[in-house]
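entry36.cif follows; it contains mmCIF, N, CA and C atoms.
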data_entry
loop_
_atom_site.label_atom_id
_atom_site.label_comp_id
_atom_site.auth_asym_id
_atom_site.auth_seq_id
_atom_site.Cartn_x
_atom_site.Cartn_y
_atom_site.Cartn_z
N MET A 20 -38.97 -137.89 -59.05
CA MET A 20 -37.84 -138.60 -59.60
C MET A 20 -36.61 -138.34 -58.74
N LYS A 21 -35.87 -139.42 -58.43
CA LYS A 21 -34.68 -139.30 -57.61
C LYS A 21 -33.49 -138.93 -58.48
N LYS A 22 -32.74 -137.94 -58.02
CA LYS A 22 -31.57 -137.47 -58.77
C LYS A 22 -30.43 -138.48 -58.66
N THR A 23 -29.76 -138.71 -59.78
CA THR A 23 -28.56 -139.54 -59.81
C THR A 23 -27.39 -138.67 -60.21
N TRP A 24 -26.38 -138.66 -59.39
CA TRP A 24 -25.17 -137.91 -59.68
C TRP A 24 -24.27 -138.74 -60.58
N ASN A 25 -23.58 -138.09 -61.48
CA ASN A 25 -22.64 -138.76 -62.35
C ASN A 25 -21.23 -138.40 -61.90
N THR A 26 -20.65 -139.26 -61.07
CA THR A 26 -19.30 -139.04 -60.54
C THR A 26 -18.52 -140.35 -60.65
N PRO A 27 -17.21 -140.30 -60.49
CA PRO A 27 -16.44 -141.56 -60.48
C PRO A 27 -16.93 -142.53 -59.39
N PHE A 28 -17.35 -141.99 -58.25
CA PHE A 28 -17.85 -142.84 -57.16
C PHE A 28 -19.12 -143.56 -57.57
N THR A 29 -20.08 -142.82 -58.13
CA THR A 29 -21.35 -143.44 -58.52
C THR A 29 -21.19 -144.34 -59.75
N GLN A 30 -20.15 -144.11 -60.54
CA GLN A 30 -19.88 -145.00 -61.67
C GLN A 30 -19.22 -146.30 -61.21
N THR A 31 -18.53 -146.25 -60.07
CA THR A 31 -17.83 -147.42 -59.55
C THR A 31 -18.72 -148.29 -58.68
N PHE A 32 -19.54 -147.65 -57.86
CA PHE A 32 -20.39 -148.36 -56.91
C PHE A 32 -21.86 -148.20 -57.28
N PRO A 33 -22.71 -149.14 -56.85
CA PRO A 33 -24.14 -149.05 -57.18
C PRO A 33 -24.84 -148.01 -56.30
N CYS A 34 -24.51 -146.75 -56.56
CA CYS A 34 -25.06 -145.63 -55.78
C CYS A 34 -25.64 -144.59 -56.73
N ARG A 35 -26.60 -143.84 -56.20
CA ARG A 35 -27.13 -142.70 -56.96
C ARG A 35 -26.41 -141.42 -56.56
N ILE A 36 -25.92 -141.38 -55.32
CA ILE A 36 -25.25 -140.20 -54.82
C ILE A 36 -23.87 -140.59 -54.27
N PRO A 37 -22.89 -139.70 -54.35
CA PRO A 37 -21.54 -140.03 -53.89
C PRO A 37 -21.43 -139.88 -52.37
N LEU A 38 -22.08 -140.79 -51.66
CA LEU A 38 -22.10 -140.74 -50.20
C LEU A 38 -21.76 -142.11 -49.66
N CYS A 39 -20.85 -142.13 -48.70
CA CYS A 39 -20.43 -143.39 -48.07
C CYS A 39 -20.53 -143.20 -46.57
N SER A 40 -21.27 -144.07 -45.90
CA SER A 40 -21.37 -143.95 -44.44
C SER A 40 -20.12 -144.54 -43.80
N ALA A 41 -19.70 -143.95 -42.70
CA ALA A 41 -18.51 -144.42 -41.99
C ALA A 41 -18.85 -145.65 -41.16
N PRO A 42 -18.03 -146.69 -41.24
CA PRO A 42 -18.27 -147.89 -40.43
C PRO A 42 -17.74 -147.69 -39.01
N MET A 43 -18.50 -146.98 -38.19
CA MET A 43 -18.08 -146.67 -36.82
C MET A 43 -18.54 -147.77 -35.87
N ALA A 44 -17.57 -148.40 -35.22
CA ALA A 44 -17.85 -149.52 -34.31
C ALA A 44 -18.87 -149.09 -33.26
N GLY A 45 -19.85 -149.95 -33.05
CA GLY A 45 -20.86 -149.70 -32.03
C GLY A 45 -22.10 -148.98 -32.52
N VAL A 46 -22.02 -148.29 -33.66
CA VAL A 46 -23.19 -147.56 -34.14
C VAL A 46 -23.57 -147.87 -35.59
N SER A 47 -22.63 -148.34 -36.37
CA SER A 47 -22.90 -148.58 -37.79
C SER A 47 -23.22 -150.06 -38.03
N GLY A 48 -24.46 -150.40 -37.78
CA GLY A 48 -24.89 -151.78 -37.94
C GLY A 48 -25.60 -152.00 -39.27
N GLY A 49 -26.24 -153.14 -39.36
CA GLY A 49 -26.91 -153.54 -40.58
C GLY A 49 -28.06 -152.63 -40.99
N LEU A 50 -28.84 -152.16 -40.03
CA LEU A 50 -29.98 -151.31 -40.36
C LEU A 50 -29.52 -149.97 -40.93
N LEU A 51 -28.56 -149.34 -40.29
CA LEU A 51 -28.06 -148.05 -40.80
C LEU A 51 -27.44 -148.22 -42.18
N ALA A 52 -26.63 -149.25 -42.36
CA ALA A 52 -26.00 -149.48 -43.67
C ALA A 52 -27.06 -149.69 -44.75
N SER A 53 -28.09 -150.45 -44.44
CA SER A 53 -29.16 -150.70 -45.40
C SER A 53 -29.90 -149.41 -45.75
N ARG A 54 -30.19 -148.62 -44.74
CA ARG A 54 -30.93 -147.36 -44.99
C ARG A 54 -30.10 -146.38 -45.82
N VAL A 55 -28.80 -146.34 -45.60
CA VAL A 55 -27.94 -145.48 -46.42
C VAL A 55 -27.98 -145.96 -47.87
N CYS A 56 -27.93 -147.27 -48.08
CA CYS A 56 -28.03 -147.81 -49.45
C CYS A 56 -29.36 -147.45 -50.08
N GLN A 57 -30.44 -147.57 -49.31
CA GLN A 57 -31.77 -147.26 -49.84
C GLN A 57 -31.91 -145.78 -50.18
N ALA A 58 -31.15 -144.93 -49.48
CA ALA A 58 -31.19 -143.50 -49.75
C ALA A 58 -30.34 -143.13 -50.96
N GLY A 59 -29.57 -144.09 -51.48
CA GLY A 59 -28.78 -143.84 -52.67
C GLY A 59 -27.29 -143.85 -52.46
N GLY A 60 -26.82 -144.05 -51.22
CA GLY A 60 -25.39 -144.06 -50.94
C GLY A 60 -24.85 -145.46 -50.77
N LEU A 61 -23.65 -145.54 -50.23
CA LEU A 61 -23.00 -146.81 -49.94
C LEU A 61 -22.88 -146.93 -48.43
N GLY A 62 -23.62 -147.87 -47.84
CA GLY A 62 -23.63 -148.02 -46.39
C GLY A 62 -22.70 -149.12 -45.93
N PHE A 63 -21.94 -148.84 -44.88
CA PHE A 63 -20.99 -149.80 -44.33
C PHE A 63 -21.46 -150.32 -42.99
N ILE A 64 -21.25 -151.63 -42.76
CA ILE A 64 -21.41 -152.24 -41.44
C ILE A 64 -20.04 -152.22 -40.78
N ALA A 65 -19.99 -151.84 -39.52
CA ALA A 65 -18.73 -151.82 -38.78
C ALA A 65 -18.47 -153.17 -38.14
N ALA A 66 -17.36 -153.81 -38.51
CA ALA A 66 -16.92 -155.02 -37.83
C ALA A 66 -16.09 -154.65 -36.61
N GLY A 67 -15.60 -153.43 -36.58
CA GLY A 67 -14.79 -152.96 -35.46
C GLY A 67 -13.53 -153.80 -35.31
N HIS A 68 -13.27 -154.22 -34.07
CA HIS A 68 -12.09 -155.03 -33.79
C HIS A 68 -12.32 -156.50 -34.16
N PHE A 69 -13.55 -156.83 -34.57
CA PHE A 69 -13.90 -158.14 -35.11
C PHE A 69 -13.62 -159.26 -34.10
N ARG A 70 -14.05 -159.02 -32.88
CA ARG A 70 -13.86 -160.01 -31.82
C ARG A 70 -15.02 -161.02 -31.76
N ASP A 71 -16.17 -160.65 -32.33
CA ASP A 71 -17.36 -161.48 -32.22
C ASP A 71 -17.95 -161.74 -33.61
N LEU A 72 -17.60 -162.87 -34.18
CA LEU A 72 -18.06 -163.24 -35.52
C LEU A 72 -19.58 -163.32 -35.60
N LEU A 73 -20.21 -163.89 -34.58
CA LEU A 73 -21.67 -164.03 -34.59
C LEU A 73 -22.37 -162.68 -34.55
N ALA A 74 -21.81 -161.73 -33.81
CA ALA A 74 -22.41 -160.39 -33.77
C ALA A 74 -22.35 -159.73 -35.15
N LEU A 75 -21.23 -159.89 -35.85
CA LEU A 75 -21.13 -159.33 -37.20
C LEU A 75 -22.12 -160.02 -38.14
N GLU A 76 -22.25 -161.33 -38.02
CA GLU A 76 -23.21 -162.04 -38.87
C GLU A 76 -24.64 -161.63 -38.58
N ARG A 77 -24.96 -161.31 -37.34
CA ARG A 77 -26.31 -160.81 -37.02
C ARG A 77 -26.55 -159.47 -37.72
N GLU A 78 -25.55 -158.60 -37.72
CA GLU A 78 -25.71 -157.30 -38.40
C GLU A 78 -25.82 -157.48 -39.91
N ILE A 79 -25.08 -158.42 -40.47
CA ILE A 79 -25.18 -158.71 -41.90
C ILE A 79 -26.58 -159.24 -42.22
N ASP A 80 -27.10 -160.10 -41.36
CA ASP A 80 -28.47 -160.61 -41.56
C ASP A 80 -29.49 -159.48 -41.51
N ILE A 81 -29.32 -158.56 -40.57
CA ILE A 81 -30.23 -157.40 -40.48
C ILE A 81 -30.16 -156.59 -41.77
N PHE A 82 -28.95 -156.38 -42.27
CA PHE A 82 -28.76 -155.66 -43.53
C PHE A 82 -29.53 -156.34 -44.66
N PHE A 83 -29.29 -157.65 -44.83
CA PHE A 83 -29.94 -158.39 -45.92
C PHE A 83 -31.45 -158.41 -45.76
N GLN A 84 -31.94 -158.61 -44.55
CA GLN A 84 -33.39 -158.64 -44.33
C GLN A 84 -34.02 -157.30 -44.70
N ASN A 85 -33.37 -156.21 -44.29
CA ASN A 85 -33.91 -154.89 -44.59
C ASN A 85 -33.85 -154.60 -46.08
N GLN A 86 -32.77 -154.99 -46.73
CA GLN A 86 -32.66 -154.81 -48.18
C GLN A 86 -33.72 -155.63 -48.91
N GLN A 87 -33.93 -156.86 -48.45
CA GLN A 87 -34.92 -157.73 -49.09
C GLN A 87 -36.33 -157.17 -48.91
N GLU A 88 -36.64 -156.67 -47.72
CA GLU A 88 -37.96 -156.07 -47.49
C GLU A 88 -38.18 -154.89 -48.42
N GLN A 89 -37.17 -154.06 -48.60
CA GLN A 89 -37.27 -152.90 -49.49
C GLN A 89 -37.49 -153.36 -50.92
N LEU A 90 -36.75 -154.37 -51.34
CA LEU A 90 -36.89 -154.91 -52.69
C LEU A 90 -38.28 -155.49 -52.91
N THR A 91 -38.79 -156.24 -51.94
CA THR A 91 -40.12 -156.82 -52.02
C THR A 91 -41.18 -155.73 -52.08
N ASN A 92 -41.04 -154.70 -51.24
CA ASN A 92 -42.01 -153.59 -51.24
C ASN A 92 -42.01 -152.87 -52.58
N GLN A 93 -40.82 -152.64 -53.15
CA GLN A 93 -40.75 -151.96 -54.45
C GLN A 93 -41.41 -152.80 -55.54
N THR A 94 -41.16 -154.11 -55.51
CA THR A 94 -41.75 -155.01 -56.52
C THR A 94 -43.26 -155.02 -56.41
N GLN A 95 -43.78 -155.11 -55.18
CA GLN A 95 -45.23 -155.13 -54.99
C GLN A 95 -45.86 -153.80 -55.39
N THR A 96 -45.18 -152.69 -55.12
CA THR A 96 -45.70 -151.38 -55.51
C THR A 96 -45.77 -151.26 -57.03
N LYS A 97 -44.71 -151.70 -57.71
CA LYS A 97 -44.69 -151.64 -59.17
C LYS A 97 -45.78 -152.52 -59.77
N GLN A 98 -45.97 -153.71 -59.19
CA GLN A 98 -47.00 -154.62 -59.70
C GLN A 98 -48.39 -154.04 -59.50
N SER A 99 -48.63 -153.44 -58.35
CA SER A 99 -49.96 -152.90 -58.09
C SER A 99 -50.24 -151.66 -58.94
N GLN A 100 -49.20 -150.93 -59.31
CA GLN A 100 -49.39 -149.74 -60.14
C GLN A 100 -49.55 -150.10 -61.61
N SER A 101 -48.97 -151.23 -62.03
CA SER A 101 -48.99 -151.56 -63.45
C SER A 101 -50.35 -152.09 -63.91
N GLN A 102 -50.96 -152.96 -63.10
CA GLN A 102 -52.27 -153.47 -63.49
C GLN A 102 -52.93 -154.19 -62.31
N PRO A 103 -54.25 -154.23 -62.29
CA PRO A 103 -54.92 -154.97 -61.22
C PRO A 103 -54.59 -156.46 -61.33
N GLN A 104 -54.49 -157.12 -60.17
CA GLN A 104 -54.18 -158.54 -60.15
C GLN A 104 -55.38 -159.34 -59.68
N THR A 105 -55.46 -160.57 -60.15
CA THR A 105 -56.47 -161.47 -59.64
C THR A 105 -56.01 -161.96 -58.27
N GLN A 106 -56.91 -162.58 -57.52
CA GLN A 106 -56.53 -163.09 -56.21
C GLN A 106 -55.44 -164.15 -56.35
N GLN A 107 -55.50 -164.95 -57.40
CA GLN A 107 -54.49 -165.99 -57.60
C GLN A 107 -53.12 -165.35 -57.85
N GLN A 108 -53.07 -164.28 -58.66
CA GLN A 108 -51.80 -163.62 -58.92
C GLN A 108 -51.25 -162.96 -57.65
N GLN A 109 -52.13 -162.37 -56.85
CA GLN A 109 -51.67 -161.72 -55.62
C GLN A 109 -51.02 -162.72 -54.69
N GLY A 110 -51.56 -163.92 -54.61
CA GLY A 110 -51.00 -164.95 -53.75
C GLY A 110 -49.70 -165.51 -54.29
N ALA A 111 -49.42 -165.28 -55.56
CA ALA A 111 -48.24 -165.86 -56.18
C ALA A 111 -47.04 -164.92 -56.20
N VAL A 112 -47.15 -163.77 -55.53
CA VAL A 112 -46.02 -162.84 -55.50
C VAL A 112 -44.85 -163.54 -54.82
N ALA A 113 -43.76 -163.67 -55.54
CA ALA A 113 -42.60 -164.40 -55.01
C ALA A 113 -41.83 -163.54 -54.03
N THR A 114 -41.44 -164.15 -52.93
CA THR A 114 -40.54 -163.50 -51.99
C THR A 114 -39.37 -164.42 -51.73
N ASP A 115 -38.20 -163.86 -51.62
CA ASP A 115 -36.99 -164.63 -51.39
C ASP A 115 -36.69 -164.57 -49.90
N ASN A 116 -37.05 -165.65 -49.17
CA ASN A 116 -36.83 -165.66 -47.73
C ASN A 116 -35.36 -165.73 -47.38
N ASP A 117 -34.54 -166.25 -48.27
CA ASP A 117 -33.11 -166.30 -48.02
C ASP A 117 -32.51 -165.04 -48.61
N ALA A 118 -32.47 -163.98 -47.81
CA ALA A 118 -32.03 -162.68 -48.30
C ALA A 118 -30.60 -162.70 -48.81
N HIS A 119 -29.81 -163.67 -48.40
CA HIS A 119 -28.43 -163.75 -48.85
C HIS A 119 -28.36 -164.03 -50.35
N ARG A 120 -29.42 -164.51 -50.93
CA ARG A 120 -29.43 -164.84 -52.35
C ARG A 120 -29.87 -163.67 -53.22
N SER A 121 -30.35 -162.62 -52.61
CA SER A 121 -30.83 -161.48 -53.37
C SER A 121 -29.65 -160.73 -53.98
N VAL A 122 -29.59 -160.70 -55.31
CA VAL A 122 -28.50 -160.03 -55.99
C VAL A 122 -28.45 -158.56 -55.60
N ALA A 123 -29.61 -157.92 -55.48
CA ALA A 123 -29.63 -156.50 -55.13
C ALA A 123 -29.01 -156.26 -53.76
N ALA A 124 -29.28 -157.15 -52.81
CA ALA A 124 -28.72 -156.99 -51.47
C ALA A 124 -27.24 -157.30 -51.45
N ILE A 125 -26.83 -158.37 -52.09
CA ILE A 125 -25.41 -158.76 -52.09
C ILE A 125 -24.56 -157.67 -52.71
N ASN A 126 -25.02 -157.07 -53.78
CA ASN A 126 -24.22 -156.08 -54.48
C ASN A 126 -23.98 -154.81 -53.68
N LYS A 127 -24.64 -154.64 -52.55
CA LYS A 127 -24.47 -153.41 -51.78
C LYS A 127 -23.83 -153.62 -50.41
N LEU A 128 -23.60 -154.85 -50.00
CA LEU A 128 -23.01 -155.11 -48.69
C LEU A 128 -21.57 -154.60 -48.64
N SER A 129 -21.26 -153.77 -47.64
CA SER A 129 -19.91 -153.24 -47.43
C SER A 129 -19.60 -153.31 -45.94
N ILE A 130 -18.35 -153.66 -45.61
CA ILE A 130 -17.97 -153.89 -44.23
C ILE A 130 -16.65 -153.19 -43.94
N GLY A 131 -16.55 -152.58 -42.76
CA GLY A 131 -15.31 -151.94 -42.33
C GLY A 131 -14.70 -152.67 -41.14
N PHE A 132 -13.37 -152.86 -41.18
CA PHE A 132 -12.63 -153.56 -40.13
C PHE A 132 -11.54 -152.64 -39.58
N ILE A 133 -11.19 -152.82 -38.32
CA ILE A 133 -10.02 -152.18 -37.75
C ILE A 133 -8.88 -153.18 -37.95
N GLY A 134 -8.01 -152.89 -38.89
CA GLY A 134 -7.04 -153.86 -39.36
C GLY A 134 -6.04 -154.35 -38.34
N HIS A 135 -5.46 -153.46 -37.53
CA HIS A 135 -4.38 -153.88 -36.63
C HIS A 135 -4.85 -154.89 -35.60
N SER A 136 -6.12 -154.87 -35.25
CA SER A 136 -6.61 -155.85 -34.27
C SER A 136 -7.41 -156.97 -34.92
N SER A 137 -8.12 -156.67 -35.99
CA SER A 137 -8.94 -157.69 -36.65
C SER A 137 -8.09 -158.80 -37.25
N LEU A 138 -6.95 -158.43 -37.79
CA LEU A 138 -6.14 -159.39 -38.54
C LEU A 138 -4.81 -159.70 -37.85
N SER A 139 -4.76 -159.52 -36.54
CA SER A 139 -3.51 -159.73 -35.81
C SER A 139 -3.29 -161.18 -35.38
N THR A 140 -4.29 -162.03 -35.61
CA THR A 140 -4.17 -163.44 -35.24
C THR A 140 -4.58 -164.33 -36.40
N LYS A 141 -4.19 -165.58 -36.33
CA LYS A 141 -4.59 -166.54 -37.36
C LYS A 141 -6.12 -166.67 -37.39
N GLU A 142 -6.74 -166.72 -36.21
CA GLU A 142 -8.20 -166.81 -36.13
C GLU A 142 -8.86 -165.59 -36.79
N GLY A 143 -8.29 -164.41 -36.57
CA GLY A 143 -8.83 -163.20 -37.19
C GLY A 143 -8.80 -163.30 -38.71
N TRP A 144 -7.69 -163.78 -39.27
CA TRP A 144 -7.58 -163.95 -40.73
C TRP A 144 -8.58 -164.99 -41.22
N GLU A 145 -8.71 -166.08 -40.49
CA GLU A 145 -9.66 -167.12 -40.90
C GLU A 145 -11.09 -166.61 -40.89
N ASN A 146 -11.45 -165.85 -39.86
CA ASN A 146 -12.80 -165.26 -39.79
C ASN A 146 -13.02 -164.25 -40.91
N TYR A 147 -12.00 -163.44 -41.18
CA TYR A 147 -12.09 -162.46 -42.26
C TYR A 147 -12.31 -163.17 -43.60
N GLU A 148 -11.52 -164.21 -43.87
CA GLU A 148 -11.68 -164.96 -45.11
C GLU A 148 -13.05 -165.62 -45.19
N TYR A 149 -13.56 -166.11 -44.06
CA TYR A 149 -14.90 -166.70 -44.01
C TYR A 149 -15.96 -165.66 -44.40
N ILE A 150 -15.85 -164.47 -43.85
CA ILE A 150 -16.82 -163.40 -44.17
C ILE A 150 -16.76 -163.08 -45.66
N LEU A 151 -15.56 -162.96 -46.21
CA LEU A 151 -15.44 -162.65 -47.64
C LEU A 151 -16.04 -163.76 -48.52
N ARG A 152 -15.74 -165.00 -48.20
CA ARG A 152 -16.27 -166.11 -49.00
C ARG A 152 -17.79 -166.24 -48.86
N THR A 153 -18.28 -166.10 -47.65
CA THR A 153 -19.69 -166.35 -47.38
C THR A 153 -20.59 -165.22 -47.88
N TYR A 154 -20.19 -163.98 -47.64
CA TYR A 154 -21.08 -162.85 -47.91
C TYR A 154 -20.66 -162.01 -49.12
N GLN A 155 -19.46 -162.18 -49.62
CA GLN A 155 -18.97 -161.49 -50.81
C GLN A 155 -19.31 -159.99 -50.82
N PRO A 156 -18.79 -159.24 -49.84
CA PRO A 156 -19.11 -157.81 -49.80
C PRO A 156 -18.60 -157.06 -51.04
N LEU A 157 -19.33 -156.04 -51.41
CA LEU A 157 -18.97 -155.19 -52.52
C LEU A 157 -17.68 -154.43 -52.20
N ALA A 158 -17.59 -153.92 -50.98
CA ALA A 158 -16.42 -153.13 -50.58
C ALA A 158 -16.03 -153.50 -49.16
N VAL A 159 -14.72 -153.45 -48.90
CA VAL A 159 -14.19 -153.69 -47.57
C VAL A 159 -13.26 -152.51 -47.26
N GLN A 160 -13.41 -151.97 -46.06
CA GLN A 160 -12.60 -150.84 -45.65
C GLN A 160 -11.80 -151.23 -44.41
N PHE A 161 -10.51 -150.84 -44.39
CA PHE A 161 -9.66 -151.10 -43.23
C PHE A 161 -9.22 -149.77 -42.62
N PHE A 162 -9.15 -149.75 -41.30
CA PHE A 162 -8.60 -148.61 -40.58
C PHE A 162 -7.28 -149.05 -39.99
N ALA A 163 -6.54 -148.11 -39.51
CA ALA A 163 -5.25 -148.30 -38.86
C ALA A 163 -4.88 -149.72 -38.58
#
Kindly return the structure encoded in the file as structure tokens.
Amino acid sequence: MKKTWNTPFTQTFPCRIPLCSAPMAGVSGGLLASRVCQAGGLGFIAAGHFRDLLALEREIDIFFQNQQEQLTNQTQTKQSQSQPQTQQQQGAVATDNDAHRSVAAINKLSIGFIGHSSLSTKEGWENYEYILRTYQPLAVQFFA
């Protein structure tokens, strides 16, 4: 059984442990953020200076894909443990190929930006607003 801490942090965010990964530009991508979430913490993707919108969207896609795979694996494990399935039932296991629609994945997406450079232009603000509208992150962190 996995331990769940009862703290203001875990009561506020969908975490089991009061741990938040730092969104460090160049190293904190979608895979690391997803794995931190799977371990029970709150994982952040680093947008850094936010110069490349497509690069950030690729990391967000990696995050969602990894979260969706974890969710699918957990569902299949629970189903196989609960009762034997017929071949027809096994083929009918639903998977959500559009990971952006997975409530479990959306509720854990968090992104960090370097504010002074990310939002210093009109284009930066427009891209930031696009990310918020499109991906609806749970938490957003700004640095200097």
Check which residues of segment 120-162 of chain A sit at most 8 Å from segment 54-78 of chain A using all atoms listed in the file, and return one row each with the closest pair of atoms and their distance in Å to one decimal, ordered by chain and rising number, as a tab-separated table.
residue	atom	partner	partner_atom	distance
A:Lys127	C	A:Gly62	N	6.3
A:Leu128	C	A:Gly62	C	6.2
A:Ser129	C	A:Ile64	N	4.0
A:Ile130	CA	A:Ile64	N	4.2
A:Gly131	C	A:Ala66	N	3.9
A:Phe132	CA	A:Gly67	N	4.6
A:Ile133	N	A:Gly67	C	3.9
A:Gly134	N	A:Gly67	C	6.6
A:His135	C	A:His68	CA	7.5
A:Ser136	C	A:His68	C	5.0
A:Ser137	CA	A:His68	C	4.4
A:Leu138	N	A:His68	C	6.8
A:Gly143	CA	A:Phe69	C	6.9
A:Asn146	CA	A:Leu72	CA	7.1
A:Ala158	C	A:Phe63	CA	7.8
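Note that atom CA of Met43 of chain A and atom CA of Gln86 of chain A are 20.2 Å apart.
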Could you tell me, as a PyMOL selection string, which residues of chain A DSSP assigns to strand (DSSP E or B) when given the backbone?
chain A and resi 39+61+63-67+129-133+158-162
Would you work out the distance separating atom N of Ser139 of chain A from atom N of Ile79 of chain A, expressed in Å to one decimal?
20.7 Å
Residues proximal to (-26.5, -151.9, -37.6) were defined as those with any atom within 7 Å of that point in the file's coordinates, counting all atoms listed in the file. Which are they, as JSON, numbers by chain?
{"A": [46, 47, 48, 49, 50, 51, 52, 64, 65, 78, 82]}
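Atom C of Gln87 of chain A is found 23.7 Å from atom N of Gln160 of chain A.
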